[in-house]
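What follows is the content of coords.pdb (PDB, C-alpha atoms).
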ATOM      1  CA  MET A 164     -21.598   8.574  -7.304
ATOM      2  CA  PHE A 165     -22.219   5.593  -5.025
ATOM      3  CA  TYR A 166     -20.335   2.297  -5.040
ATOM      4  CA  ASP A 167     -21.017  -1.180  -3.677
ATOM      5  CA  LEU A 168     -17.807  -3.166  -3.979
ATOM      6  CA  ASN A 169     -19.211  -6.387  -2.561
ATOM      7  CA  ILE A 170     -22.113  -8.194  -4.193
ATOM      8  CA  ALA A 171     -21.366 -11.786  -3.238
ATOM      9  CA  LEU A 172     -21.228 -14.599  -5.760
ATOM     10  CA  PRO A 173     -22.408 -18.055  -4.594
ATOM     11  CA  ASP A 174     -19.843 -20.267  -2.858
ATOM     12  CA  ALA A 175     -19.425 -22.441  -5.973
ATOM     13  CA  ALA A 176     -17.760 -19.501  -7.727
ATOM     14  CA  GLY A 177     -14.861 -19.677  -5.271
ATOM     15  CA  LYS A 178     -13.722 -23.122  -6.363
ATOM     16  CA  PRO A 179     -11.080 -23.645  -9.063
ATOM     17  CA  ASN A 180     -12.866 -24.119 -12.406
ATOM     18  CA  GLY A 181     -16.061 -23.161 -10.597
ATOM     19  CA  HIS A 182     -19.340 -22.830 -12.468
ATOM     20  CA  LEU A 183     -22.606 -21.070 -11.687
ATOM     21  CA  SER A 184     -25.947 -22.212 -13.043
ATOM     22  CA  SER A 185     -28.248 -19.935 -15.014
ATOM     23  CA  VAL A 186     -30.495 -19.710 -11.930
ATOM     24  CA  GLU A 187     -27.582 -18.524  -9.775
ATOM     25  CA  TRP A 188     -26.526 -15.953 -12.350
ATOM     26  CA  ALA A 189     -30.141 -14.756 -12.606
ATOM     27  CA  ARG A 190     -30.165 -14.129  -8.842
ATOM     28  CA  VAL A 191     -26.949 -12.120  -9.195
ATOM     29  CA  ALA A 192     -28.528 -10.138 -12.054
ATOM     30  CA  GLN A 193     -31.561  -9.298  -9.892
ATOM     31  CA  THR A 194     -29.251  -7.996  -7.171
ATOM     32  CA  ILE A 195     -27.392  -5.819  -9.676
ATOM     33  CA  GLU A 196     -30.660  -4.404 -11.031
ATOM     34  CA  GLN A 197     -31.786  -3.576  -7.481
ATOM     35  CA  ALA A 198     -28.458  -1.867  -6.793
ATOM     36  CA  GLN A 199     -28.957   0.290  -9.875
ATOM     37  CA  GLU A 200     -32.482   1.219  -8.766
ATOM     38  CA  PHE A 201     -31.070   2.258  -5.367
ATOM     39  CA  GLY A 202     -28.670   4.662  -7.060
ATOM     40  CA  TYR A 203     -25.412   2.713  -7.170
ATOM     41  CA  SER A 204     -23.354   3.433 -10.289
ATOM     42  CA  ILE A 205     -20.518   0.944  -9.808
ATOM     43  CA  VAL A 206     -20.698  -2.500  -8.185
ATOM     44  CA  ALA A 207     -18.202  -5.327  -7.797
ATOM     45  CA  LEU A 208     -19.092  -9.011  -7.912
ATOM     46  CA  ASN A 209     -17.152 -10.673  -5.115
ATOM     47  CA  GLN A 210     -15.635 -14.119  -5.610
ATOM     48  CA  THR A 211     -14.465 -15.535  -2.275
ATOM     49  CA  VAL A 212     -11.695 -18.126  -2.440
ATOM     50  CA  GLN A 213     -10.149 -20.144   0.353
ATOM     51  CA  GLY A 214      -6.374 -19.889   0.551
ATOM     52  CA  ARG A 215      -4.197 -19.581  -2.531
ATOM     53  CA  LEU A 216      -5.494 -17.768  -5.637
ATOM     54  CA  VAL A 217      -4.859 -19.837  -8.788
ATOM     55  CA  PRO A 218      -5.549 -19.246 -12.521
ATOM     56  CA  GLU A 219      -8.408 -21.766 -12.463
ATOM     57  CA  HIS A 220     -10.403 -19.366 -10.272
ATOM     58  CA  LEU A 221     -10.921 -17.140 -13.332
ATOM     59  CA  ALA A 222     -12.929 -19.808 -15.181
ATOM     60  CA  VAL A 223     -16.269 -18.868 -13.606
ATOM     61  CA  TRP A 224     -16.278 -15.413 -15.234
ATOM     62  CA  LYS A 225     -16.548 -16.875 -18.731
ATOM     63  CA  SER A 226     -20.033 -18.146 -17.892
ATOM     64  CA  ALA A 227     -21.348 -14.726 -16.834
ATOM     65  CA  PRO A 228     -24.437 -13.602 -18.794
ATOM     66  CA  ALA A 229     -24.996 -10.263 -20.511
ATOM     67  CA  PHE A 230     -26.363  -8.198 -17.631
ATOM     68  CA  LYS A 231     -29.058  -5.642 -18.411
ATOM     69  CA  ASP A 232     -27.875  -2.015 -18.854
ATOM     70  CA  ALA A 233     -24.402  -2.984 -17.656
ATOM     71  CA  VAL A 234     -20.837  -2.236 -18.706
ATOM     72  CA  LEU A 235     -18.488  -5.066 -17.752
ATOM     73  CA  SER A 236     -14.840  -4.602 -16.850
ATOM     74  CA  TRP A 237     -13.964  -7.889 -18.562
ATOM     75  CA  GLU A 238     -14.588  -9.636 -21.876
ATOM     76  CA  ARG A 239     -17.239 -12.326 -21.457
ATOM     77  CA  LYS A 240     -15.770 -14.598 -24.150
ATOM     78  CA  THR A 241     -12.199 -14.601 -22.892
ATOM     79  CA  GLY A 242     -12.642 -13.624 -19.238
ATOM     80  CA  THR A 243      -9.808 -11.065 -19.507
ATOM     81  CA  ARG A 244      -9.948  -7.453 -18.332
ATOM     82  CA  THR A 245     -10.779  -4.740 -20.832
ATOM     83  CA  SER A 246      -8.432  -1.812 -21.370
ATOM     84  CA  GLU A 247     -10.825   0.495 -19.480
ATOM     85  CA  GLY A 248     -11.194  -1.882 -16.540
ATOM     86  CA  ALA A 249     -12.664  -0.214 -13.468
ATOM     87  CA  THR A 250     -11.806   3.356 -14.386
ATOM     88  CA  GLY A 251     -13.795   3.901 -17.564
ATOM     89  CA  ARG A 252     -16.678   6.349 -17.780
ATOM     90  CA  VAL A 253     -20.097   5.000 -16.803
ATOM     91  CA  PRO A 254     -22.607   5.906 -19.551
ATOM     92  CA  ARG A 255     -25.872   7.501 -18.473
ATOM     93  CA  GLY A 256     -28.458   4.898 -17.483
ATOM     94  CA  LYS A 257     -25.831   2.150 -17.168
ATOM     95  CA  ILE A 258     -24.114   0.443 -14.249
ATOM     96  CA  ARG A 259     -20.475  -0.640 -14.313
ATOM     97  CA  ILE A 260     -19.769  -4.157 -13.032
ATOM     98  CA  LEU A 261     -16.313  -5.010 -11.712
ATOM     99  CA  ARG A 262     -14.628  -8.223 -10.649
ATOM    100  CA  ARG A 263     -13.407  -8.620  -7.102
ATOM    101  CA  VAL A 264     -11.675 -11.533  -5.416
ATOM    102  CA  THR A 265     -11.452 -12.002  -1.657
ATOM    103  CA  ALA A 266      -8.881 -14.516  -0.459
ATOM    104  CA  VAL A 267      -9.567 -15.963   2.982
ATOM    105  CA  ILE A 268      -6.038 -16.477   4.324
ATOM    106  CA  SER A 269      -5.098 -18.653   7.278
ATOM    107  CA  ASP A 270      -1.562 -19.533   6.078
ATOM    108  CA  ALA A 271       0.780 -16.655   5.257
ATOM    109  CA  ALA A 272       2.352 -18.708   2.461
ATOM    110  CA  HIS A 273      -0.943 -18.554   0.551
ATOM    111  CA  GLY A 274      -0.809 -14.767   0.601
ATOM    112  CA  HIS A 275       2.045 -14.734  -1.912
ATOM    113  CA  SER A 276      -0.498 -15.425  -4.667
ATOM    114  CA  LEU A 277      -1.774 -11.883  -3.989
ATOM    115  CA  SER A 278       1.191 -10.096  -5.524
ATOM    116  CA  ASN A 279       1.531  -7.847  -8.544
ATOM    117  CA  SER A 280       3.722 -10.475 -10.150
ATOM    118  CA  SER A 281       0.680 -12.790 -10.263
ATOM    119  CA  PRO A 282      -1.107 -12.612 -13.648
ATOM    120  CA  THR A 283      -4.214 -14.016 -11.947
ATOM    121  CA  ALA A 284      -4.447 -11.291  -9.305
ATOM    122  CA  SER A 285      -3.910  -8.671 -12.027
ATOM    123  CA  GLU A 286      -7.108  -9.757 -13.775
ATOM    124  CA  TYR A 287      -9.272  -8.530 -10.891
ATOM    125  CA  ASP A 288     -10.386  -4.938 -10.465
ATOM    126  CA  VAL A 289     -10.324  -5.263  -6.672
ATOM    127  CA  VAL A 290      -8.223  -7.675  -4.615
ATOM    128  CA  ALA A 291      -9.216  -8.138  -0.980
ATOM    129  CA  VAL A 292      -7.794 -10.263   1.803
ATOM    130  CA  GLN A 293      -9.735 -11.676   4.751
ATOM    131  CA  PRO A 294      -7.334 -12.624   7.539
ATOM    132  CA  VAL A 295      -8.448 -15.265  10.030
ATOM    133  CA  SER A 296      -5.832 -14.465  12.676
ATOM    134  CA  GLU A 297      -4.068 -11.428  14.120
ATOM    135  CA  LYS A 298      -0.785 -12.587  12.578
ATOM    136  CA  ILE A 299      -2.311 -12.632   9.093
ATOM    137  CA  LEU A 300      -4.034  -9.294   9.716
ATOM    138  CA  LEU A 301      -0.672  -7.754  10.648
ATOM    139  CA  ALA A 302       0.881  -9.108   7.445
ATOM    140  CA  ALA A 303      -2.013  -7.702   5.374
ATOM    141  CA  CYS A 304      -1.819  -4.271   7.005
ATOM    142  CA  SER A 305       1.938  -4.102   6.438
ATOM    143  CA  SER A 306       1.430  -4.643   2.678
ATOM    144  CA  ALA A 307       3.214  -7.982   2.684
ATOM    145  CA  TRP A 308       1.145  -8.793  -0.434
ATOM    146  CA  ASP A 309       1.287  -5.848  -2.823
ATOM    147  CA  ALA A 310      -1.747  -6.712  -4.977
ATOM    148  CA  VAL A 311      -4.136  -6.223  -2.038
ATOM    149  CA  ASP A 312      -6.393  -3.147  -2.168
ATOM    150  CA  LEU A 313      -8.836  -3.888   0.627
ATOM    151  CA  VAL A 314      -8.714  -5.579   4.026
ATOM    152  CA  THR A 315     -11.932  -7.207   5.161
ATOM    153  CA  LEU A 316     -13.019  -9.243   8.168
ATOM    154  CA  ASP A 317     -15.996 -11.509   8.839
ATOM    155  CA  MET A 318     -18.208  -8.917  10.505
ATOM    156  CA  GLY A 319     -20.695 -11.464  11.827
ATOM    157  CA  ALA A 320     -18.189 -13.722  13.600
ATOM    158  CA  ARG A 321     -16.156 -13.492  16.800
ATOM    159  CA  TRP A 322     -12.566 -12.806  15.753
ATOM    160  CA  GLY A 323     -10.522 -13.696  18.806
ATOM    161  CA  PHE A 324      -8.392 -10.570  18.268
ATOM    162  CA  PHE A 325      -8.865  -6.813  17.964
ATOM    163  CA  ALA A 326      -8.442  -4.400  15.073
ATOM    164  CA  LYS A 327      -5.853  -2.194  16.780
ATOM    165  CA  HIS A 328      -5.440   1.450  15.843
ATOM    166  CA  LYS A 329      -1.677   1.159  15.274
ATOM    167  CA  MET A 330      -2.093  -1.860  13.024
ATOM    168  CA  VAL A 331      -4.946  -0.302  11.056
ATOM    169  CA  GLY A 332      -3.015   2.963  10.813
ATOM    170  CA  GLN A 333      -0.218   1.069   9.105
ATOM    171  CA  ALA A 334      -2.695  -0.255   6.519
ATOM    172  CA  LEU A 335      -4.041   3.248   5.850
ATOM    173  CA  ALA A 336      -0.509   4.606   5.500
ATOM    174  CA  ASN A 337       0.135   1.930   2.877
ATOM    175  CA  GLY A 338      -2.894   3.054   0.864
ATOM    176  CA  LEU A 339      -5.149   0.176   1.885
ATOM    177  CA  SER A 340      -8.793   0.518   2.918
ATOM    178  CA  LEU A 341     -10.897  -1.400   5.433
ATOM    179  CA  GLU A 342     -14.332  -2.776   4.670
ATOM    180  CA  ILE A 343     -17.494  -3.019   6.731
ATOM    181  CA  ALA A 344     -20.105  -5.228   5.045
ATOM    182  CA  TYR A 345     -23.545  -4.629   6.543
ATOM    183  CA  ARG A 346     -25.356  -7.842   5.520
ATOM    184  CA  PRO A 347     -24.559  -9.654   8.838
ATOM    185  CA  ALA A 348     -26.517  -6.908  10.623
ATOM    186  CA  LEU A 349     -29.648  -8.136   8.817
ATOM    187  CA  VAL A 350     -29.363 -11.865   9.590
ATOM    188  CA  ASP A 351     -30.582 -12.350  13.185
ATOM    189  CA  ALA A 352     -30.327 -10.754  16.629
ATOM    190  CA  THR A 353     -27.218 -12.697  17.733
ATOM    191  CA  THR A 354     -25.290 -11.998  14.535
ATOM    192  CA  ARG A 355     -26.424  -8.370  14.614
ATOM    193  CA  GLN A 356     -25.046  -7.948  18.125
ATOM    194  CA  GLN A 357     -21.684  -9.375  17.039
ATOM    195  CA  TRP A 358     -21.722  -7.152  13.936
ATOM    196  CA  VAL A 359     -22.265  -4.021  16.032
ATOM    197  CA  SER A 360     -19.331  -4.947  18.275
ATOM    198  CA  ASN A 361     -17.021  -5.690  15.331
ATOM    199  CA  ALA A 362     -18.092  -2.709  13.230
ATOM    200  CA  ALA A 363     -17.723  -0.311  16.167
ATOM    201  CA  GLY A 364     -14.204  -1.659  16.703
ATOM    202  CA  VAL A 365     -13.274  -1.006  13.064
ATOM    203  CA  VAL A 366     -14.746   2.505  13.225
ATOM    204  CA  ARG A 367     -12.729   3.263  16.362
ATOM    205  CA  ALA A 368      -9.534   1.868  14.847
ATOM    206  CA  THR A 369      -9.898   3.788  11.564
ATOM    207  CA  ARG A 370     -11.593   6.883  13.035
ATOM    208  CA  GLY A 371     -13.607   6.808   9.839
ATOM    209  CA  ARG A 372     -10.582   7.169   7.556
ATOM    210  CA  GLY A 373     -10.137   4.692   4.698
ATOM    211  CA  LEU A 374     -13.415   3.021   5.622
ATOM    212  CA  VAL A 375     -15.590   1.465   2.907
ATOM    213  CA  TRP A 376     -19.229   0.438   3.336
ATOM    214  CA  THR A 377     -20.359  -2.560   1.268
ATOM    215  CA  SER A 378     -23.419  -4.773   1.315
ATOM    216  CA  GLY A 379     -22.018  -8.287   1.007
ATOM    217  CA  ALA A 380     -25.448  -8.954  -0.530
ATOM    218  CA  HIS A 381     -26.354 -12.510  -1.504
ATOM    219  CA  GLN A 382     -29.678 -11.417  -2.973
ATOM    220  CA  ALA A 383     -31.576  -8.261  -3.827
ATOM    221  CA  LEU A 384     -33.334  -8.200  -0.437
ATOM    222  CA  ASP A 385     -29.974  -7.752   1.302
ATOM    223  CA  LEU A 386     -29.389  -4.335  -0.298
ATOM    224  CA  ARG A 387     -30.081  -0.986   1.347
ATOM    225  CA  THR A 388     -30.026   2.511  -0.124
ATOM    226  CA  PRO A 389     -26.966   4.727   0.418
ATOM    227  CA  TYR A 390     -29.013   6.933   2.726
ATOM    228  CA  ASP A 391     -30.050   3.950   4.860
ATOM    229  CA  ILE A 392     -26.355   3.077   5.227
ATOM    230  CA  ALA A 393     -25.541   6.625   6.321
ATOM    231  CA  ASN A 394     -28.157   6.246   9.073
ATOM    232  CA  LEU A 395     -26.661   2.898  10.047
ATOM    233  CA  GLY A 396     -23.300   4.606  10.437
ATOM    234  CA  GLU A 397     -24.754   6.981  13.017
ATOM    235  CA  ALA A 398     -25.491   3.961  15.232
ATOM    236  CA  LEU A 399     -21.727   3.330  15.207
ATOM    237  CA  GLN A 400     -20.991   6.979  16.017
ATOM    238  CA  LEU A 401     -19.835   7.551  12.453
ATOM    239  CA  ASN A 402     -21.105  10.929  11.308
ATOM    240  CA  GLY A 403     -23.078  11.337   8.099
ATOM    241  CA  ASP A 404     -20.233  12.895   6.116
ATOM    242  CA  LEU A 405     -17.843  10.018   6.883
ATOM    243  CA  SER A 406     -20.553   7.463   6.046
ATOM    244  CA  LYS A 407     -21.131   9.088   2.658
ATOM    245  CA  ARG A 408     -17.397   9.089   1.993
ATOM    246  CA  ALA A 409     -17.328   5.365   2.788
ATOM    247  CA  LEU A 410     -19.864   4.825  -0.029
ATOM    248  CA  GLY A 411     -18.282   7.261  -2.468
ATOM    249  CA  THR A 412     -14.862   8.895  -2.156
ATOM    250  CA  ASN A 413     -13.265   6.084  -0.142
ATOM    251  CA  ALA A 414     -14.626   3.381  -2.454
ATOM    252  CA  ARG A 415     -13.249   5.268  -5.446
ATOM    253  CA  ALA A 416      -9.887   5.417  -3.663
ATOM    254  CA  VAL A 417      -9.897   1.599  -3.568
ATOM    255  CA  LEU A 418     -10.330   1.504  -7.348
ATOM    256  CA  MET A 419      -7.600   4.098  -7.878
ATOM    257  CA  HIS A 420      -5.262   2.076  -5.650
ATOM    258  CA  ALA A 421      -6.067  -0.985  -7.753
ATOM    259  CA  PHE A 422      -5.474   0.952 -10.978
ATOM    260  CA  THR A 423      -2.141   2.238  -9.693
ATOM    261  CA  ARG A 424      -0.807  -1.183  -8.777
ATOM    262  CA  ALA A 425      -2.182  -2.983 -11.856
ATOM    263  CA  ASP A 426      -2.053  -0.472 -14.724
ATOM    264  CA  THR A 427       0.826   1.865 -13.973
ATOM    265  CA  LEU A 428       4.582   1.464 -13.945
ATOM    266  CA  ARG A 429       5.785   2.299 -10.432
ATOM    267  CA  ALA A 430       2.718   4.543 -10.010
ATOM    268  CA  VAL A 431       4.071   7.016 -12.595
ATOM    269  CA  ALA A 432       3.198   6.004 -16.152
ATOM    270  CA  ALA A 433      -0.106   4.397 -17.074
ATOM    271  CA  VAL A 434       0.228   1.222 -19.110
ATOM    272  CA  ARG A 435      -2.747   0.752 -21.428
ATOM    273  CA  ARG A 436      -3.720  -2.853 -22.012
ATOM    274  CA  PRO A 437      -4.067  -3.851 -25.668
ATOM    275  CA  PRO A 438      -7.727  -4.375 -26.642
ATOM    276  CA  THR A 439      -8.861  -7.982 -26.897
ATOM    277  CA  GLY A 440     -11.769  -9.872 -28.414
ATOM    278  CA  GLY A 441     -14.930  -7.881 -28.958
ATOM    279  CA  GLU A 442     -13.257  -4.768 -27.624
ATOM    280  CA  ALA A 443     -10.735  -4.844 -30.500
ATOM    281  CA  GLU A 444     -13.563  -5.186 -33.012
ATOM    282  CA  ARG A 445     -15.354  -2.150 -31.552
ATOM    283  CA  GLU A 446     -12.177  -0.052 -31.711
ATOM    284  CA  ALA A 447     -11.601  -1.074 -35.318
ATOM    285  CA  LYS A 448     -15.142  -0.007 -36.238
ATOM    286  CA  ARG A 449     -14.650   3.351 -34.519
ATOM    287  CA  SER A 450     -11.379   3.880 -36.417
ATOM    288  CA  ARG A 451     -13.062   3.157 -39.773
ATOM    289  CA  THR A 452     -15.888   5.537 -38.894
ATOM    290  CA  ASP A 453     -13.474   8.308 -37.900
ATOM    291  CA  GLY A 454     -11.517   7.857 -41.089
ATOM    292  CA  SER A 455     -14.520   8.052 -43.382
TER     293      SER A 455
END

Spit out the file's structure as structure tokens when you get a sec.
Amino acid sequence: MFYDLNIALPDAAGKPNGHLSSVEWARVAQTIEQAQEFGYSIVALNQTVQGRLVPEHLAVWKSAPAFKDAVLSWERKTGTRTSEGATGRVPRGKIRILRRVTAVISDAAHGHSLSNSSPTASEYDVVAVQPVSEKILLAACSSAWDAVDLVTLDMGARWGFFAKHKMVGQALANGLSLEIAYRPALVDATTRQQWVSNAAGVVRATRGRGLVWTSGAHQALDLRTPYDIANLGEALQLNGDLSKRALGTNARAVLMHAFTRADTLRAVAAVRRPPTGGEAEREAKRSRTDGS
């Protein structure tokens, strides 16, 4: 099973009480359909926010359309997570769509909104942090914010610092994963050169462990097949087996980390969310059918 945990939503989605037009949602739907054709079974729509995560950031999800052949991890009417969330079974011929938020953090104080005590962070299937400085990266890798599942960096930009093996090792020891989004490699020659430098640095620091490939796609044309990505990994001296893990096993580990911090009590007992909205109606119908 292949995963793409980063299909980007337009910038407007990252604003409090943000709203996407029907045209913007249609472009997202086309990207999801292309991902399904390429063999991806689970994708995450990525909402990028600047700084502190607030409840108003959830508003945009209520305007999401009914995607074709898709199983959503949230209720469209209420915008709240379903009881199955990211871990439910994907029916044959369907694609599961998750919600992801990426907080771009430049002030450590804003990172406190990415904690398990935050009801807002708990509504997302994947919580990622994008540090803009080495200090913030160190805080992210040391699990200063316990709702974070994934550490990501702007792969097309010059960072001004290095992803050091010791620092990254601390993140891996804390159960976090690191992301390489390949879209910047498709933009232009200058950005591609910077992407190669950054991506190679992440590969060296992780040694391929806890690494997750994503697209960062803004449109369907940005997507590549899982086998194309495995070939891309070879250019970074990442062998085929590790590249496949970064699209499969490692991506699933991100979702299991998210499930553990959001839906279990101290990683021991699973806490099932009560069904809400349409989900409650479906369960009631199933109960009546079973009883008849």

With the cut-off set at 10 Å and counting all atoms listed in the file, tabulate each residue of segment 229-322 of chain A with an atom at most that distance from an atom of segment 368-384 of chain A, showing the nearest atom pair and its distance in Å to one decimal, ordered by chain and increasing number, as a Markdown table.
| residue | atom | partner | partner_atom | distance |
| --- | --- | --- | --- | --- |
| A:Leu313 | CA | A:Val375 | CA | 8.9 |
| A:Val314 | CA | A:Val375 | CA | 9.9 |
| A:Thr315 | CA | A:Val375 | CA | 9.7 |

What separation in Å, quoted to one decimal, exists between atom CA of Arg263 of chain A and atom CA of Asp174 of chain A?
->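 Computed distance, atom CA of Arg263 of chain A to atom CA of Asp174 of chain A, equals 14.0 Å.
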
Do you know which residues the PyMOL selection byres ((chain A and resi 358) around 7) returns on this file, as a VMD selection string?
-> chain A and resid 318 to 319 347 to 348 354 to 357 359 to 362

Leaving out His182 of chain A and any residue of its chain fewer than 6 positions from it, which residues lie within 12 Å of it when counting only C-alpha atoms, given as a PyMOL selection string?
-> chain A and resi 172-176+188+210+219-227

Could those selected residues go to a file with C-alpha atoms, as an mmCIF file, in the coordinates of the input?
data_model
loop_
_atom_site.group_PDB
_atom_site.id
_atom_site.type_symbol
_atom_site.label_atom_id
_atom_site.label_comp_id
_atom_site.auth_asym_id
_atom_site.auth_seq_id
_atom_site.Cartn_x
_atom_site.Cartn_y
_atom_site.Cartn_z
ATOM 1 C CA LEU A 172 -21.228 -14.599 -5.760
ATOM 2 C CA PRO A 173 -22.408 -18.055 -4.594
ATOM 3 C CA ASP A 174 -19.843 -20.267 -2.858
ATOM 4 C CA ALA A 175 -19.425 -22.441 -5.973
ATOM 5 C CA ALA A 176 -17.760 -19.501 -7.727
ATOM 6 C CA TRP A 188 -26.526 -15.953 -12.350
ATOM 7 C CA GLN A 210 -15.635 -14.119 -5.610
ATOM 8 C CA GLU A 219 -8.408 -21.766 -12.463
ATOM 9 C CA HIS A 220 -10.403 -19.366 -10.272
ATOM 10 C CA LEU A 221 -10.921 -17.140 -13.332
ATOM 11 C CA ALA A 222 -12.929 -19.808 -15.181
ATOM 12 C CA VAL A 223 -16.269 -18.868 -13.606
ATOM 13 C CA TRP A 224 -16.278 -15.413 -15.234
ATOM 14 C CA LYS A 225 -16.548 -16.875 -18.731
ATOM 15 C CA SER A 226 -20.033 -18.146 -17.892
ATOM 16 C CA ALA A 227 -21.348 -14.726 -16.834
#

Excluding same-chain residues fewer than 5 positions from Glu200 of chain A, what lies within 10 Å of it counting only C-alpha atoms, as a ChimeraX atom specification?
-> /A:194-195,388

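Atom pair atom CA of Gly177 of chain A / atom CA of Pro218 of chain A has a distance of 11.8 Å (rounded to one decimal).
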
Would you write out, as a CSV table (one decimal) with C-alpha atoms, in the frame of the given file, every residue that the PyMOL selection byres ((chain A and resi 282) around 12) captures in this file?
chain,number,residue,atom,x,y,z
A,216,LEU,CA,-5.5,-17.8,-5.6
A,217,VAL,CA,-4.9,-19.8,-8.8
A,218,PRO,CA,-5.5,-19.2,-12.5
A,219,GLU,CA,-8.4,-21.8,-12.5
A,220,HIS,CA,-10.4,-19.4,-10.3
A,221,LEU,CA,-10.9,-17.1,-13.3
A,243,THR,CA,-9.8,-11.1,-19.5
A,244,ARG,CA,-9.9,-7.5,-18.3
A,276,SER,CA,-0.5,-15.4,-4.7
A,277,LEU,CA,-1.8,-11.9,-4.0
A,278,SER,CA,1.2,-10.1,-5.5
A,279,ASN,CA,1.5,-7.8,-8.5
A,280,SER,CA,3.7,-10.5,-10.2
A,281,SER,CA,0.7,-12.8,-10.3
A,283,THR,CA,-4.2,-14.0,-11.9
A,284,ALA,CA,-4.4,-11.3,-9.3
A,285,SER,CA,-3.9,-8.7,-12.0
A,286,GLU,CA,-7.1,-9.8,-13.8
A,287,TYR,CA,-9.3,-8.5,-10.9
A,310,ALA,CA,-1.7,-6.7,-5.0
A,425,ALA,CA,-2.2,-3.0,-11.9

Check what the PyMOL selection byres ((chain A and resi 207) around 8) selects in the file above and give those residues as a PyMOL selection string.
-> chain A and resi 167-170+205-206+208-209+260-263+289

For atom CA of Val295 of chain A and atom CA of Ser269 of chain A, the interatomic separation in Å (one decimal) | 5.5 Å

For Ala266 of chain A, which residue out of A:Met164, A:Val253, A:Leu183, A:Lys178 is the nearest one, using all atoms listed in the file?
-> A:Lys178

Spatial neighbours of Ala326 of chain A, max dist 9 Å, only C-alpha atoms, sep filter under 5 positions, as a PDB file with C-alpha atoms, keeping the file's coordinate frame:
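Wrote it out as out.pdb, contents follow:
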ATOM      1  CA  GLU A 297      -4.068 -11.428  14.120  1.00  0.00           C
ATOM      2  CA  LEU A 300      -4.034  -9.294   9.716  1.00  0.00           C
ATOM      3  CA  VAL A 331      -4.946  -0.302  11.056  1.00  0.00           C
ATOM      4  CA  ASN A 361     -17.021  -5.690  15.331  1.00  0.00           C
ATOM      5  CA  GLY A 364     -14.204  -1.659  16.703  1.00  0.00           C
ATOM      6  CA  VAL A 365     -13.274  -1.006  13.064  1.00  0.00           C
ATOM      7  CA  ARG A 367     -12.729   3.263  16.362  1.00  0.00           C
ATOM      8  CA  ALA A 368      -9.534   1.868  14.847  1.00  0.00           C
TER       9      ALA A 368
END

Find the residue from A:Ile268, A:Ala344, A:Leu386, A:Val311 that sits nearest to Gln193 of chain A; use only C-alpha atoms when measuring.
->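 For Gln193 of chain A, the nearest of the given residues is A:Leu386.
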
Given the choices A:Leu410, A:Gly256, A:Ala233, A:Pro294, which gets closest to Ala271 of chain A if the distance is worked out from only C-alpha atoms?
->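 Nearest to Ala271 of chain A: A:Pro294.
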